Structure formats: C-alpha cells, structure tokens
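Here is the file run.csv (CSV, C-alpha atoms and all ligand atoms).
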```csv
chain,number,residue,atom,x,y,z
A,4,MET,CA,-36.9,13.8,14.9
A,5,HIS,CA,-33.2,14.0,14.4
A,6,THR,CA,-31.4,17.1,13.2
A,7,PRO,CA,-28.3,17.1,11.0
A,8,LYS,CA,-25.1,17.2,13.0
A,9,GLN,CA,-23.9,20.7,11.9
A,10,LYS,CA,-26.7,23.2,12.3
A,11,THR,CA,-24.9,25.9,10.4
A,12,LYS,CA,-24.3,23.7,7.4
A,13,PRO,CA,-27.4,21.5,6.6
A,14,ALA,CA,-26.6,18.0,5.3
A,15,LYS,CA,-26.9,17.6,1.6
A,16,ILE,CA,-28.9,14.6,0.5
A,17,GLY,CA,-28.7,13.6,-3.1
A,18,VAL,CA,-31.9,12.1,-4.5
A,19,VAL,CA,-31.2,10.1,-7.6
A,20,LEU,CA,-34.1,10.6,-9.9
A,21,THR,CA,-35.2,10.8,-13.5
A,22,ASP,CA,-38.8,12.3,-13.3
A,23,PRO,CA,-39.0,15.4,-11.2
A,24,GLU,CA,-42.8,15.2,-11.3
A,25,ASP,CA,-43.0,11.7,-9.9
A,26,TRP,CA,-44.9,11.5,-6.6
A,27,THR,CA,-42.2,9.4,-4.8
A,28,THR,CA,-39.5,11.7,-6.0
A,29,GLN,CA,-41.3,14.8,-4.8
A,30,THR,CA,-42.1,13.4,-1.4
A,31,PHE,CA,-38.5,12.3,-0.9
A,32,LEU,CA,-37.4,15.9,-1.6
A,33,GLU,CA,-40.1,17.3,0.7
A,34,ASN,CA,-39.3,15.0,3.6
A,35,ILE,CA,-35.6,15.7,3.4
A,36,GLU,CA,-36.3,19.4,3.5
A,37,LYS,CA,-38.6,18.8,6.5
A,38,ARG,CA,-35.7,17.4,8.3
A,39,GLY,CA,-33.8,20.6,7.9
A,40,ALA,CA,-31.4,19.1,5.2
A,41,LYS,CA,-30.8,20.2,1.7
A,42,PRO,CA,-32.3,17.9,-1.0
A,43,VAL,CA,-30.1,17.8,-4.1
A,44,PRO,CA,-31.9,16.3,-7.2
A,45,LEU,CA,-29.4,14.1,-9.1
A,46,ASN,CA,-29.9,12.6,-12.5
A,47,LEU,CA,-27.1,10.1,-13.0
A,48,SER,CA,-27.5,10.5,-16.8
A,49,THR,CA,-26.1,14.1,-16.5
A,50,LEU,CA,-23.1,13.5,-14.3
A,51,SER,CA,-19.4,13.5,-15.4
A,52,ALA,CA,-16.3,12.3,-13.7
A,53,SER,CA,-12.8,13.6,-13.9
A,54,VAL,CA,-9.8,11.5,-12.8
A,55,SER,CA,-6.1,12.1,-12.7
A,56,THR,CA,-3.2,10.9,-10.6
A,57,THR,CA,-3.9,13.5,-8.0
A,58,ASP,CA,-7.6,14.5,-8.4
A,59,PHE,CA,-11.0,13.0,-8.6
A,60,SER,CA,-14.3,14.8,-9.0
A,61,ILE,CA,-17.9,14.1,-10.0
A,62,PHE,CA,-19.6,17.2,-11.6
A,63,SER,CA,-22.9,18.1,-13.0
A,64,ALA,CA,-23.7,19.7,-16.4
A,65,ASP,CA,-23.1,23.2,-14.9
A,66,LEU,CA,-19.5,22.1,-14.0
A,67,ARG,CA,-20.2,22.2,-10.3
A,68,ASP,CA,-18.7,19.5,-8.2
A,69,VAL,CA,-21.2,17.2,-6.6
A,70,GLU,CA,-20.7,17.3,-2.9
A,71,LEU,CA,-23.1,15.3,-0.8
A,72,ASP,CA,-23.4,13.7,2.7
A,73,ALA,CA,-25.8,10.9,1.7
A,74,ILE,CA,-27.9,9.6,-1.2
A,75,ILE,CA,-31.3,8.2,-1.6
A,76,VAL,CA,-32.0,6.4,-4.9
A,77,ARG,CA,-35.5,6.9,-6.3
A,78,ASP,CA,-34.8,5.9,-9.8
A,79,VAL,CA,-31.7,5.1,-11.9
A,80,GLY,CA,-33.6,5.3,-15.1
A,81,ILE,CA,-33.3,3.6,-18.5
A,82,SER,CA,-30.0,3.7,-20.3
A,83,LEU,CA,-28.9,3.7,-24.0
A,84,SER,CA,-26.1,1.3,-23.6
A,85,LEU,CA,-24.4,-1.2,-21.4
A,86,GLU,CA,-21.7,1.3,-20.9
A,87,GLN,CA,-24.2,4.0,-19.7
A,88,ILE,CA,-25.9,1.7,-17.2
A,89,SER,CA,-22.6,0.5,-16.0
A,90,PHE,CA,-21.3,4.1,-15.5
A,91,LYS,CA,-24.4,5.0,-13.6
A,92,PHE,CA,-24.0,2.1,-11.2
A,93,ASP,CA,-20.3,2.8,-10.9
A,94,LEU,CA,-21.0,6.4,-9.9
A,95,LEU,CA,-23.2,5.0,-7.1
A,96,ARG,CA,-20.5,2.5,-6.1
A,97,GLN,CA,-18.0,5.3,-5.9
A,98,PHE,CA,-20.4,7.4,-3.7
A,99,GLU,CA,-20.8,4.4,-1.5
A,100,THR,CA,-17.1,4.5,-0.5
A,101,SER,CA,-17.6,7.8,1.3
A,102,MET,CA,-21.3,8.1,2.3
A,103,PRO,CA,-24.6,6.2,3.0
A,104,VAL,CA,-26.4,5.3,-0.2
A,105,MET,CA,-29.9,3.9,0.1
A,106,ASN,CA,-30.5,1.5,-1.6
A,107,SER,CA,-27.0,0.4,-2.5
A,108,SER,CA,-26.0,-0.2,-6.1
A,109,ALA,CA,-25.6,-3.9,-5.2
A,110,ALA,CA,-29.1,-4.2,-3.7
A,111,ILE,CA,-30.6,-2.5,-6.7
A,112,GLN,CA,-28.8,-4.8,-9.1
A,113,ASN,CA,-29.6,-7.9,-7.1
A,114,SER,CA,-33.3,-7.0,-7.0
A,115,ALA,CA,-33.5,-6.0,-10.7
A,116,ASN,CA,-32.2,-9.4,-11.8
A,117,LYS,CA,-35.0,-11.9,-11.6
A,118,PHE,CA,-32.5,-14.8,-11.9
A,119,PHE,CA,-29.9,-13.8,-9.3
A,120,SER,CA,-32.6,-12.5,-6.8
A,121,PHE,CA,-34.3,-16.0,-7.0
A,122,TYR,CA,-30.9,-17.6,-6.3
A,123,LEU,CA,-30.6,-15.3,-3.2
A,124,PHE,CA,-34.2,-16.1,-2.1
A,125,LYS,CA,-33.6,-19.8,-2.4
A,126,ARG,CA,-30.4,-19.5,-0.3
A,127,ALA,CA,-32.5,-17.6,2.3
A,128,HIS,CA,-35.0,-20.5,2.3
A,129,LEU,CA,-37.8,-18.3,0.9
A,130,PRO,CA,-40.8,-19.9,-0.8
A,131,ILE,CA,-40.6,-19.1,-4.6
A,132,PRO,CA,-42.4,-20.5,-7.6
A,133,ARG,CA,-40.4,-23.1,-9.6
A,134,THR,CA,-38.4,-21.3,-12.3
A,135,THR,CA,-36.2,-22.4,-15.3
A,136,ILE,CA,-33.9,-20.0,-17.1
A,137,THR,CA,-32.6,-21.3,-20.3
A,138,PRO,CA,-31.2,-20.4,-23.8
A,139,GLU,CA,-32.2,-23.9,-25.1
A,140,LEU,CA,-35.6,-24.5,-26.7
A,141,ASP,CA,-35.7,-28.2,-25.6
A,142,VAL,CA,-35.1,-27.2,-22.0
A,143,ALA,CA,-37.8,-24.6,-22.2
A,144,LEU,CA,-40.3,-27.0,-23.7
A,145,LYS,CA,-39.5,-29.6,-21.0
A,146,ALA,CA,-40.0,-27.0,-18.3
A,147,ILE,CA,-43.4,-26.0,-19.7
A,148,GLU,CA,-44.5,-29.6,-19.9
A,149,THR,CA,-43.6,-30.0,-16.2
A,150,PHE,CA,-45.1,-26.7,-15.0
A,151,GLU,CA,-48.2,-27.0,-17.3
A,152,CYS,CA,-48.9,-23.3,-17.0
A,153,VAL,CA,-46.0,-20.9,-17.2
A,154,ILE,CA,-45.3,-17.2,-17.0
A,155,ALA,CA,-42.4,-15.9,-19.2
A,156,LYS,CA,-40.7,-12.8,-17.9
A,157,PRO,CA,-37.8,-10.7,-19.0
A,158,ILE,CA,-34.9,-11.2,-16.5
A,159,PHE,CA,-34.6,-7.4,-16.2
A,160,GLY,CA,-38.3,-6.5,-16.6
A,161,SER,CA,-40.4,-4.3,-14.4
A,162,GLN,CA,-43.9,-2.9,-14.2
A,163,GLY,CA,-45.5,-6.0,-15.6
A,164,GLU,CA,-44.0,-5.4,-19.0
A,165,GLY,CA,-43.1,-8.2,-21.4
A,166,ILE,CA,-44.8,-10.9,-19.3
A,167,LEU,CA,-46.5,-13.7,-21.3
A,168,LYS,CA,-48.4,-16.8,-20.3
A,169,PHE,CA,-48.0,-20.2,-21.9
A,170,GLU,CA,-49.9,-23.5,-21.5
A,171,SER,CA,-48.3,-26.8,-22.2
A,172,SER,CA,-51.4,-27.8,-24.2
A,173,GLN,CA,-51.5,-24.9,-26.6
A,174,PRO,CA,-50.9,-26.0,-30.2
A,175,ASP,CA,-48.7,-23.1,-31.2
A,176,LEU,CA,-46.4,-23.4,-28.2
A,177,GLU,CA,-43.2,-24.4,-30.1
A,178,PRO,CA,-43.3,-21.6,-32.8
A,179,LYS,CA,-44.2,-19.0,-30.1
A,180,LEU,CA,-41.3,-20.1,-27.9
A,181,THR,CA,-38.9,-20.2,-30.8
A,182,ALA,CA,-39.8,-16.6,-31.7
A,183,LEU,CA,-39.5,-15.4,-28.1
A,184,LEU,CA,-36.2,-17.1,-27.7
A,185,LYS,CA,-34.9,-15.4,-30.9
A,186,GLU,CA,-36.0,-12.1,-29.4
A,187,ARG,CA,-34.6,-12.6,-25.8
A,188,GLY,CA,-31.7,-15.0,-26.3
A,189,VAL,CA,-32.7,-16.6,-22.9
A,190,LEU,CA,-36.1,-17.5,-21.5
A,191,TYR,CA,-37.2,-17.0,-17.9
A,192,LEU,CA,-40.0,-19.4,-17.3
A,193,GLN,CA,-41.9,-19.6,-14.0
A,194,GLN,CA,-44.7,-21.9,-12.9
A,195,PHE,CA,-47.9,-20.0,-12.8
A,196,VAL,CA,-49.3,-19.7,-9.3
A,197,PRO,CA,-53.1,-19.9,-9.3
A,198,ASN,CA,-54.2,-16.9,-7.2
A,199,PRO,CA,-57.3,-14.8,-6.3
A,200,GLY,CA,-56.7,-12.3,-9.1
A,201,ARG,CA,-54.4,-10.1,-7.1
A,202,ASP,CA,-50.9,-9.9,-5.7
A,203,ILE,CA,-49.6,-8.2,-2.5
A,204,ARG,CA,-47.0,-5.4,-2.4
A,205,VAL,CA,-45.4,-5.2,1.0
A,206,PHE,CA,-43.3,-2.1,1.9
A,207,VAL,CA,-40.3,-2.8,4.0
A,208,VAL,CA,-38.2,-0.1,5.6
A,209,GLY,CA,-35.2,-1.4,7.7
A,210,GLU,CA,-36.4,-4.4,9.5
A,211,GLU,CA,-40.1,-3.6,9.4
A,212,ALA,CA,-43.0,-4.1,7.1
A,213,ILE,CA,-44.7,-0.7,7.4
A,214,GLY,CA,-47.7,-1.5,5.2
A,215,ALA,CA,-49.1,-3.4,2.3
A,216,ILE,CA,-51.5,-3.2,-0.6
A,217,TYR,CA,-53.3,-5.7,-2.7
A,218,ARG,CA,-53.0,-5.0,-6.3
A,219,VAL,CA,-56.2,-6.2,-7.9
A,220,SER,CA,-56.0,-7.0,-11.6
A,221,VAL,CA,-58.7,-5.8,-13.9
A,222,GLY,CA,-60.5,-7.4,-16.8
A,223,GLY,CA,-59.3,-11.0,-16.1
A,224,SER,CA,-55.7,-10.0,-16.6
A,225,PHE,CA,-53.1,-12.2,-14.9
A,226,ILE,CA,-50.8,-9.2,-14.3
A,227,SER,CA,-51.7,-7.0,-11.4
A,228,ASN,CA,-49.1,-4.2,-11.6
A,229,LEU,CA,-50.6,-0.7,-11.0
A,230,SER,CA,-48.9,0.4,-14.2
A,231,GLN,CA,-50.9,-2.3,-16.0
A,232,GLY,CA,-54.2,-1.1,-14.6
A,233,GLY,CA,-54.2,-2.9,-11.3
A,234,THR,CA,-56.1,-1.2,-8.4
A,235,PRO,CA,-54.4,-0.6,-5.0
A,236,VAL,CA,-56.5,-1.8,-2.0
A,237,ALA,CA,-55.4,-1.6,1.6
A,238,CYS,CA,-54.1,-4.9,3.0
A,239,GLU,CA,-53.5,-5.8,6.6
A,240,VAL,CA,-49.9,-7.0,7.1
A,241,THR,CA,-50.0,-10.5,8.5
A,242,GLU,CA,-47.1,-12.1,10.4
A,243,GLU,CA,-46.4,-14.3,7.4
A,244,MET,CA,-46.2,-11.3,5.0
A,245,GLN,CA,-44.0,-9.4,7.5
A,246,GLU,CA,-41.6,-12.3,7.9
A,247,LEU,CA,-41.3,-13.1,4.2
A,248,ALA,CA,-41.0,-9.5,3.0
A,249,VAL,CA,-38.3,-8.6,5.6
A,250,ARG,CA,-36.3,-11.8,4.8
A,251,ALA,CA,-36.6,-11.2,1.0
A,252,THR,CA,-35.4,-7.5,1.5
A,253,LYS,CA,-32.5,-8.7,3.5
A,254,ALA,CA,-31.6,-11.5,1.0
A,255,VAL,CA,-30.9,-8.9,-1.7
A,256,GLY,CA,-29.2,-6.5,0.7
A,257,ALA,CA,-31.8,-3.7,0.5
A,258,ASP,CA,-32.5,-1.1,3.2
A,259,PHE,CA,-36.1,-0.5,1.9
A,260,ALA,CA,-38.1,-2.3,-0.7
A,261,GLY,CA,-41.5,-3.1,-2.2
A,262,VAL,CA,-41.8,-6.9,-2.0
A,263,ASP,CA,-44.3,-8.7,-4.4
A,264,LEU,CA,-46.0,-11.7,-2.9
A,265,ILE,CA,-48.6,-13.9,-4.4
A,266,GLU,CA,-51.2,-16.0,-2.6
A,267,GLY,CA,-50.8,-19.6,-3.7
A,268,GLU,CA,-53.2,-22.4,-2.6
A,269,GLU,CA,-50.7,-23.5,0.1
A,270,GLY,CA,-49.4,-20.1,1.2
A,271,LEU,CA,-47.5,-17.1,0.0
A,272,PHE,CA,-44.7,-17.1,-2.6
A,273,VAL,CA,-42.2,-14.3,-3.1
A,274,LEU,CA,-42.3,-13.0,-6.7
A,275,GLU,CA,-39.7,-10.2,-6.5
A,276,VAL,CA,-38.2,-7.4,-4.5
A,277,ASN,CA,-38.2,-3.9,-6.0
A,278,ALA,CA,-35.4,-1.8,-4.5
A,279,THR,CA,-36.7,1.4,-6.2
A,280,PRO,CA,-40.4,1.2,-5.4
A,281,SER,CA,-43.0,3.8,-6.0
A,282,GLY,CA,-44.8,4.9,-2.8
A,283,LYS,CA,-47.8,6.4,-4.6
A,284,GLY,CA,-50.1,3.4,-4.6
A,285,ILE,CA,-49.8,2.7,-0.8
A,286,ASN,CA,-50.2,6.4,-0.1
A,287,ARG,CA,-53.4,6.5,-2.0
A,288,ALA,CA,-54.8,3.2,-0.5
A,289,CYS,CA,-53.5,3.5,3.1
A,290,GLY,CA,-52.3,7.1,3.7
A,291,ILE,CA,-48.8,5.7,4.5
A,292,ASP,CA,-45.8,7.8,3.4
A,293,VAL,CA,-43.0,5.3,2.8
A,294,THR,CA,-40.6,8.0,1.8
A,295,GLU,CA,-40.8,9.7,5.2
A,296,ARG,CA,-39.8,6.4,6.9
A,297,ILE,CA,-37.0,5.9,4.4
A,298,VAL,CA,-35.7,9.4,5.1
A,299,ASP,CA,-35.9,8.7,8.8
A,300,LEU,CA,-33.8,5.6,8.4
A,301,LEU,CA,-31.2,7.6,6.4
A,302,PHE,CA,-30.9,10.2,9.1
A,303,GLU,CA,-30.4,7.4,11.7
A,304,ARG,CA,-27.4,6.3,9.6
A,305,LEU,CA,-26.1,9.9,9.4
A,306,ASP,CA,-26.3,10.6,13.1
B,401,LIG,N1,-45.5,-17.1,-11.1
B,401,LIG,C1,-46.6,-16.3,-11.2
B,401,LIG,N2,-47.9,-16.7,-11.1
B,401,LIG,C2,-48.9,-15.9,-11.2
B,401,LIG,N3,-48.9,-14.6,-11.5
B,401,LIG,C3,-47.7,-14.1,-11.6
B,401,LIG,C4,-46.5,-14.9,-11.5
B,401,LIG,N4,-45.4,-14.1,-11.8
B,401,LIG,C5,-45.9,-12.8,-12.0
B,401,LIG,N5,-47.2,-12.8,-11.9
B,401,LIG,C6,-48.1,-11.6,-12.1
B,401,LIG,O1,-47.4,-10.7,-12.9
B,401,LIG,C7,-47.1,-9.5,-12.2
B,401,LIG,C8,-45.7,-9.0,-12.5
B,401,LIG,O2,-44.7,-10.0,-12.1
B,401,LIG,P1,-43.3,-9.6,-11.4
B,401,LIG,O3,-42.5,-10.9,-11.2
B,401,LIG,O4,-43.6,-8.9,-10.1
B,401,LIG,O5,-42.6,-8.7,-12.5
B,401,LIG,P2,-42.5,-7.1,-12.7
B,401,LIG,O6,-41.1,-6.8,-12.3
B,401,LIG,O7,-42.8,-6.9,-14.1
B,401,LIG,O8,-43.4,-6.4,-11.7
B,401,LIG,C9,-47.2,-9.9,-10.7
B,401,LIG,O9,-47.5,-8.8,-9.9
B,401,LIG,C10,-48.4,-10.9,-10.8
B,401,LIG,O10,-49.6,-10.2,-10.9
B,402,MG,MG,-43.5,-6.8,-9.7
```
Rewrite the structure of this file - the entire thing - as structure tokens.
Amino acid sequence: MHTPKQKTKPAKIGVVLTDPEDWTTQTFLENIEKRGAKPVPLNLSTLSASVSTTDFSIFSADLRDVELDAIIVRDVGISLSLEQISFKFDLLRQFETSMPVMNSSAAIQNSANKFFSFYLFKRAHLPIPRTTITPELDVALKAIETFECVIAKPIFGSQGEGILKFESSQPDLEPKLTALLKERGVLYLQQFVPNPGRDIRVFVVGEEAIGAIYRVSVGGSFISNLSQGGTPVACEVTEEMQELAVRATKAVGADFAGVDLIEGEEGLFVLEVNATPSGKGINRACGIDVTERIVDLLFERLD
C-alpha cells in the first residue's frame, strides 16, 4: 500500500459523481479514505469558474475554491444543453493540466461516441461488427439489405437504451426507418451478431483485465445490459478476452474501462468501451472490487 507523499496533509482526491448513493461512487470514496487520503465528492453540475487577467479559480456552490491533487471520474451525468456538457468536460480538461484525472475527458468522450470509438478500434485492428452511420435513408436501406439483421443504436447511447432491431425482410422497414431518421437525424446501424443470449463485460485497470462477467439477457431479449434486466454471472477471463479488452481500452486512451464483447460464431467482437463503468455487477458476481484497483492505479500515478 502506498501512502500519500505529505503525511501531515492528506492528498485530496476529487470523485466526480452525480448519485451519492451509487455503489461504485461509495466504494470509490471508501477506498480513497482507506488509503489515508481525503475523498472530495464533486458534482460537475454545481461548479463555477472565475477568470480574469490575473486570476483563475474553480469554486463550488458554497464559494469554496476547489483544490485537489487528483480526480477519479465516476459519472459526468446528463446535461441540459450542449453548453452544459461542454462546460463539464472543459472543467475536466482544465483539471488535467495540473493533476492526474482518471479517466481523462478525451477517453470518456472517445468511448461515449459509438462512431469515433469504432474508428479507433478499426485503427487498432480490433474485430468489430460491420457498421454504417448515415443521415441518408437510401444508404440505411442498402446497409440493412447487406447486413440482413441490424441493430440500430444511438451514437451516444448507454445502458441498452434506444436500441432497436431491424430485419431486411420486415414489410414495415422503410416507414420505421424514416420515422427513426426523423427522430435521430443520423442512423447508426450495426450488423447483428448471432450470440448465445449474453454478452461479456471485461473490466480493465491499467494493462490488466482484472475480471469479467457474462450478462445473460432475460425473456429472449437481445439486449443484455444489467439495467435492462440482464443477470451478471462470473466469467473466466480467457487470453482472447484479456487481449481484446486491454487493446480496446488503450485504443480510446482509457486508464480503466468496462469493455463489452460479444461471442460471434467465429470469435469475439468488441461492442464498446465504457470509460465510466459501474463496478456493482462484477462485485456481486465475482466479489472483485474494481474501484480498489482503480484507486491503487491513481496512487501509483501520484507517488
Ligand atoms: N451488433 C450486435 N449484435 C448483437 N447484439 C448486440 C449488438 N450490439 C449490441 N448488442 C446487444 O445490445 C447491448 C447494448 O449494446 P452496446 O453497444 O453495448 O450499447 P450500450 O451503450 O447501450 O450498452 C449489448 O450488450 C448486447 O447485448
Ligand atoms: Mg454496453
């Protein structure tokens, strides 16, 4: 165990959060405290900045300056506007100039973006399902004809929300796609990977896959997210899982991640990297505390 450099003044570690009751949030705070440091809960929606020619400060609602040695991001949260989300990430970018921030704003943004992350995965030679992103109905119809069975996802979606399935043979395909295009402005269409009714969530911290769970979908659903009723079941990390998950995490520039893999007939595909993953499911299924390992990694950086 490492101890903070100055014993008289414990390191202050900001934990970016939105829900103080969340399991992952709480265990981050507890593990920081166990290391003899001071955890500082930080909701980015409540921070202000003051800038002048000579001064710069970030302060909280009680007008106290935010002074930290490092930051762990649990959850940036939803935002009301483009300006608000941008301000939150710019606060993080600003913190990054003077302290370790895990995960970085760039890693979180890369991961949250299902188009740009796929571009990064392709560049890293990772196996991914064929995907077409288009604002054009004709291009969308052509992609579905080629892929035969397609999953449509929001580019910035999470927790299995807004995911739909289309078959090239379904008679109402064109009106359904037209309506979806009107709603989303752009369609993200991915070839459906036939699978055993589950996906795999591998947890990576640093260069290591520290554990994994199957998420088994229920009631014939094709979505296995825990927030959609999926059940976490312990999964042994194979060499293939370890290798793909670590490479995918690196591709987006994350220090830790939950990497979603799906078992295709010819091997594993990467579905996404989540750079603000919940640690609750794997704790329940395997007894592994991912937050402890993440906090350890942060202290290695601080030393
Ligand atoms: N191409 C695909 N083929 C088969 N199932 C998929 C595919 N893409 C997603 N799924 C299912 O939908 C779930 C959610 O997809 P994912 O890309 O991880 O988005 P989210 O960010 O909403 O979790 C996956 O965990 C998996 O169960
Ligand atoms: Mg997912």
- Taking into account only C-alpha atoms, which residue in the set A:Asp202, A:Gln112, A:His128, A:Val153 is nearest to Glu246 of chain A?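 Nearest candidate to Glu246 of chain A out of A:Asp202, A:Gln112, A:His128, A:Val153: A:His128.
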Residues of chain A that have any atom at most 7 Å from an atom of ligand LIG 401 (chain B): could you tabulate them with the shortest-distance atom pair and the distance in Å to one decimal, using only C-alpha atoms and all ligand atoms, ordered by chain and increasing number, as a tab-separated table?
```
residue	atom	partner	partner_atom	distance
A:Pro132	CA	B:LIG401	N1	5.8
A:Ile154	CA	B:LIG401	N1	5.9
A:Gly160	CA	B:LIG401	O6	5.1
A:Ser161	CA	B:LIG401	O6	3.3
A:Gln162	CA	B:LIG401	O7	4.1
A:Gly163	CA	B:LIG401	O7	3.2
A:Glu164	CA	B:LIG401	O7	5.3
A:Ile166	CA	B:LIG401	O7	6.9
A:Gln193	CA	B:LIG401	N1	5.3
A:Gln194	CA	B:LIG401	N1	5.2
A:Phe195	CA	B:LIG401	N2	3.7
A:Val196	CA	B:LIG401	N2	3.8
A:Pro197	CA	B:LIG401	C2	6.1
A:Asn198	CA	B:LIG401	C2	6.7
A:Arg201	CA	B:LIG401	O10	6.1
A:Asp202	CA	B:LIG401	O10	5.4
A:Phe225	CA	B:LIG401	O10	5.7
A:Ile226	CA	B:LIG401	O10	3.7
A:Ser227	CA	B:LIG401	O10	3.9
A:Asn228	CA	B:LIG401	O9	5.2
A:Asp263	CA	B:LIG401	O4	5.7
A:Leu274	CA	B:LIG401	O3	5.0
A:Glu275	CA	B:LIG401	O4	5.5
```
Residues from the last selection, C-alpha atoms, saved as a PDB file, in the coordinates of the input:
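What ended up in selection.pdb:
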```
ATOM      1  CA  PRO A 132     -42.400 -20.500  -7.600  1.00  0.00           C
ATOM      2  CA  ILE A 154     -45.300 -17.200 -17.000  1.00  0.00           C
ATOM      3  CA  GLY A 160     -38.300  -6.500 -16.600  1.00  0.00           C
ATOM      4  CA  SER A 161     -40.400  -4.300 -14.400  1.00  0.00           C
ATOM      5  CA  GLN A 162     -43.900  -2.900 -14.200  1.00  0.00           C
ATOM      6  CA  GLY A 163     -45.500  -6.000 -15.600  1.00  0.00           C
ATOM      7  CA  GLU A 164     -44.000  -5.400 -19.000  1.00  0.00           C
ATOM      8  CA  ILE A 166     -44.800 -10.900 -19.300  1.00  0.00           C
ATOM      9  CA  GLN A 193     -41.900 -19.600 -14.000  1.00  0.00           C
ATOM     10  CA  GLN A 194     -44.700 -21.900 -12.900  1.00  0.00           C
ATOM     11  CA  PHE A 195     -47.900 -20.000 -12.800  1.00  0.00           C
ATOM     12  CA  VAL A 196     -49.300 -19.700  -9.300  1.00  0.00           C
ATOM     13  CA  PRO A 197     -53.100 -19.900  -9.300  1.00  0.00           C
ATOM     14  CA  ASN A 198     -54.200 -16.900  -7.200  1.00  0.00           C
ATOM     15  CA  ARG A 201     -54.400 -10.100  -7.100  1.00  0.00           C
ATOM     16  CA  ASP A 202     -50.900  -9.900  -5.700  1.00  0.00           C
ATOM     17  CA  PHE A 225     -53.100 -12.200 -14.900  1.00  0.00           C
ATOM     18  CA  ILE A 226     -50.800  -9.200 -14.300  1.00  0.00           C
ATOM     19  CA  SER A 227     -51.700  -7.000 -11.400  1.00  0.00           C
ATOM     20  CA  ASN A 228     -49.100  -4.200 -11.600  1.00  0.00           C
ATOM     21  CA  ASP A 263     -44.300  -8.700  -4.400  1.00  0.00           C
ATOM     22  CA  LEU A 274     -42.300 -13.000  -6.700  1.00  0.00           C
ATOM     23  CA  GLU A 275     -39.700 -10.200  -6.500  1.00  0.00           C
TER      24      GLU A 275
END
```
- Record the distance separating atom CA of Lys179 of chain A and atom CA of Ile136 of chain A, expressed in Å with one decimal.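 Taking atom CA of Lys179 of chain A as the start and atom CA of Ile136 of chain A as the end point, the length is 16.6 Å.
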- Separation of atom CA of Ala14 of chain A and atom CA of Lys37 of chain A, in Å? 12.1 Å
- Task: Name all residues at most 12 Å from Leu183 of chain A (count only C-alpha atoms; drop same-chain ones fewer than 4 positions away) and give them as a ChimeraX atom specification.
- Result: /A:137-140,143,155-157,165-169,176-179,187-192
- Taking into account only C-alpha atoms, which residue in the set A:Asp141, A:Leu271, A:Gly209, A:Leu66 is nearest to Glu303 of chain A? A:Gly209
- Using all atoms listed in the file, which of the listed residues (A:Ile203, A:Ile131, A:Ile291, A:Cys238) sits closest to ligand MG 402 (chain B)?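 Closest to ligand MG 402 (chain B), using all atoms listed in the file: A:Ile203.
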- Note on the structure: The residue from A:Thr294, A:Ser82, A:Ser60, A:Thr134 with the smallest atom-to-atom distance to Glu33 of chain A, counting all atoms listed in the file, is A:Thr294
- Please measure the separation of atom CA of Glu186 of chain A and atom CA of Asn277 of chain A, giving the value in Å to one decimal.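 Value for the atom CA of Glu186 of chain A-atom CA of Asn277 of chain A distance: 24.9 Å.
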- Task: Skip Phe92 of chain A itself and residues of its chain fewer than 3 positions away, then list as a PyMOL selection string all residues within 9 Å of it, counting only C-alpha atoms.
- Result: chain A and resi 47+79+87-89+95-97+108-109+112
- Task: Between A:Pro130, A:Gly267, A:Gly233, A:Pro44, single out the one closest to Ile75 of chain A, counting only C-alpha atoms.
- Result: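 That would be A:Pro44, the residue with the smallest distance to Ile75 of chain A.
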- For Ala260 of chain A, which residue out of A:Arg77, A:Glu239, A:Thr181, A:Asn46 is the nearest one, using only C-alpha atoms?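 Smallest separation from Ala260 of chain A among the options: A:Arg77.
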- Message: Need to verify the contact set: Asn106 of chain A, 8 Å, only C-alpha atoms, exclusion of same-chain residues closer than 6 positions in sequence. Can you return it as a list in words?
- Response: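 With the cut-off at 8 Å, the set is Ile75, Val76, Ala257, Asp258, Phe259, Ala278 and Thr279 of chain A.
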